[in-house]
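**Q** Below you'll find the structure I mean.
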Protein chains: 2
Amino acid sequence: MENQNNIFRSENKISSLVIKRLPKYYRILTEQQAKGELKISSSQLARLSGTTASQIRQDFSLFGGFGQQGFGYNIEFLLGEIKRIIGVDKQHKAILVGVGNLGKALIHHMNFENSGFSLIGAFDNSEDIIDKTVGEIKIRSIDEVKSFCRINKVHTAIICIPSDVAETVVEELYESNVYNFWNFSDYNIKMNYPDTNVETVKLRDSLMCLCYLATNE
Amino acid sequence: MENQNNIFRSENKISSLVIKRLPKYYRILTEQQAKGELKISSSQLARLSGTTASQIRQDFSLFGGFGQQGFGYNIEFLLGEIKRIIGVDKQHKAILVGVGNLGKALIHHMNFENSGFSLIGAFDNSEDIIDKTVGEIKIRSIDEVKSFCRINKVHTAIICIPSDVAETVVEELYESNVYNFWNFSDYNIKMNYPDTNVETVKLRDSLMCLCYLATNE
């Protein structure tokens, strides 16, 4: 299996669409496991994830299969494999910039460890919050962010600040060797720094999609 | 143009992938307009939105074109058309359930009016926040949510509560004729109520995608 993983990785065949489906499979499998289930068929998993059994089999075949035809998949094994592929056990060090309500919500409610990250710092420019503690994180001045990232070898940042300030902050972070961004701002990081990894959460785009559905369906 | 819109709507040809791209076009066009631009070519828009010029032309042809070959698109006209298709001018009444940090972040920072919604109420079960005001919204007890939705003819709810309580609340809302959901919980509304419109924001899925990129690229 390790071998097959290596083959898949070195050929880099996995498409971003498959990547986007893996966390969903992971979530559903975790829920099934919590209900005491040990196995799941591709058709069950397909129904729960809103896709087709053949899509599931195709996705899983990319990393070597994971199941025996007719016997279903072993949930624990599958979870372990998906975890390994995503790299959830890696605990990449991350910082958060912008401790407003959204930043606070993420610090309090995101289980970073379960998603492969360890949140080790948070930064803001407001005197009202600097040196205070949110969750278990001490809030530092944004002036310290460059040195903090360099000293602690942080390569991941969560951007919870408005787009107009994001431009300057991202430039500083990039210069400090931060190249993974979880971006909640409208600032287009990938366009300005094509060699970065960016996952953008566009809340307004999502709300507008709901508006379309509410209006037209 | 009106006619073409009607044709497109009655045939209901528009795929969910196109719907998902429209808010992105809208965002980019708004940015260009703010910079003083009046026109944009399909290749410029393609570059800014990370797609191809032929994709742009294909998407826009679904609703009657919007441009003259070689002259580019008139930004203001295009924005107006996308607005009309999404239904941003409709101002659907919405409520928010769960005024924790995430709920507060949405109340403070989302421009609901610009996305086609008018937030008219927010609900929580904590005595600490009931009757307080967040932004300009008075927080009400969750016990009032059913009557509030019925009296005010609210059909849209924003779900910012954990999955285990979401199940009960969504059932109550559905019985009160709420059928549009902006869902931040892991509870699968669409599976349990297939006749609803649901846009789900899966923050953990997004973070796990970043983890994959951080680990593998």
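All residue names refer to the structure tokens as shown: chains lettered A, B, ... in order, residues numbered from 1 in each chain, ligands numbered from 1 in order.
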May I ask you to extract the residues of chain B within 8 Å of chain A, using only C-alpha atoms, and to give them as an NGL selection string?

**A** :B and (9 or 19-20 or 23-24 or 48 or 85-88 or 90 or 92 or 100-102 or 104-106 or 110 or 115-117 or 180-182 or 191 or 197-201 or 203-217)

**Q** Select from region 54-93 of chain A everything DSSP, run on the backbone, classes as helix (DSSP H, G or I), then give the selection as a PyMOL selection string.

**A** chain A and resi 54-61+75-86+88-90

**Q** Residues at most 7 Å from Arg57 (chain B), counting only C-alpha atoms, excluding those fewer than 4 positions away in the same chain, as a list in words?

**A**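 Final neighbour list, sorted by chain and number: Ser42, Ala53 and Ser61 of chain B.
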
**Q** Write to file, as a compact mmCIF listing (two decimals), in the first residue's frame, the residues of the selection just made, with N, CA and C atoms.

**A**
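The result, stored in part.txt:
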# COMPACT_ATOMS: atom_id res chain seq x y z
N SER B 42 -13.36 38.79 -22.58
CA SER B 42 -13.53 37.46 -21.97
C SER B 42 -12.18 36.89 -21.53
N ALA B 53 -11.26 31.73 -21.57
CA ALA B 53 -12.13 32.67 -22.27
C ALA B 53 -13.31 31.93 -22.89
N SER B 61 -23.23 32.82 -22.75
CA SER B 61 -24.15 32.56 -23.85
C SER B 61 -25.44 31.92 -23.34

**Q** Residues of region 116-204 of chain B in strand (DSSP E or B) according to DSSP, as a PyMOL selection string?

**A** chain B and resi 117-124+133-134+137-141+156-159+180-183+197-200

**Q** Arg140 (chain B): which residues within 7 Å, counting only C-alpha atoms, same-chain residues fewer than 4 positions away excluded, as a list in words?

**A**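 In the requested form, the answer reads Ala122, Phe123, Asp124, Ile130, Asp131 and Glu144 of chain B.
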
**Q** Would you save the residues of that selection, restricted to C-alpha atoms, as a PDB file, in the first residue's frame?

**A**
ATOM      1  CA  ALA B 122     -31.300  36.011  15.272  1.00  0.00           C
ATOM      2  CA  PHE B 123     -31.922  33.286  17.836  1.00  0.00           C
ATOM      3  CA  ASP B 124     -29.984  31.523  20.548  1.00  0.00           C
ATOM      4  CA  ILE B 130     -31.025  36.617  24.654  1.00  0.00           C
ATOM      5  CA  ASP B 131     -32.464  40.166  24.539  1.00  0.00           C
ATOM      6  CA  GLU B 144     -39.723  31.947  19.570  1.00  0.00           C
TER       7      GLU B 144
END

**Q** Suppose you want the space between CA of Ile142 (chain B) and CA of Val178 (chain B); what is it in Å?

**A**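 Value for the CA of Ile142 (chain B)-CA of Val178 (chain B) distance: 14.8 Å.
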
**Q** One number please: CA of Glu37 (chain B) to CA of Asn74 (chain B), in Å, one decimal.

**A**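 Result for CA of Glu37 (chain B) versus CA of Asn74 (chain B): 9.3 Å, one decimal.
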
**Q** Suppose you want the space between CA of Ile40 (chain A) and CA of Asp59 (chain A); what is it in Å?

**A**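 Computing it gives 15.3 Å between the two atoms.
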
**Q** Choose the residue, out of B:Ile14, B:Val134, B:Ile159, B:Ile75, that has the smallest atom-to-atom separation from Ala34 (chain B); count only C-alpha atoms.

**A** B:Ile75
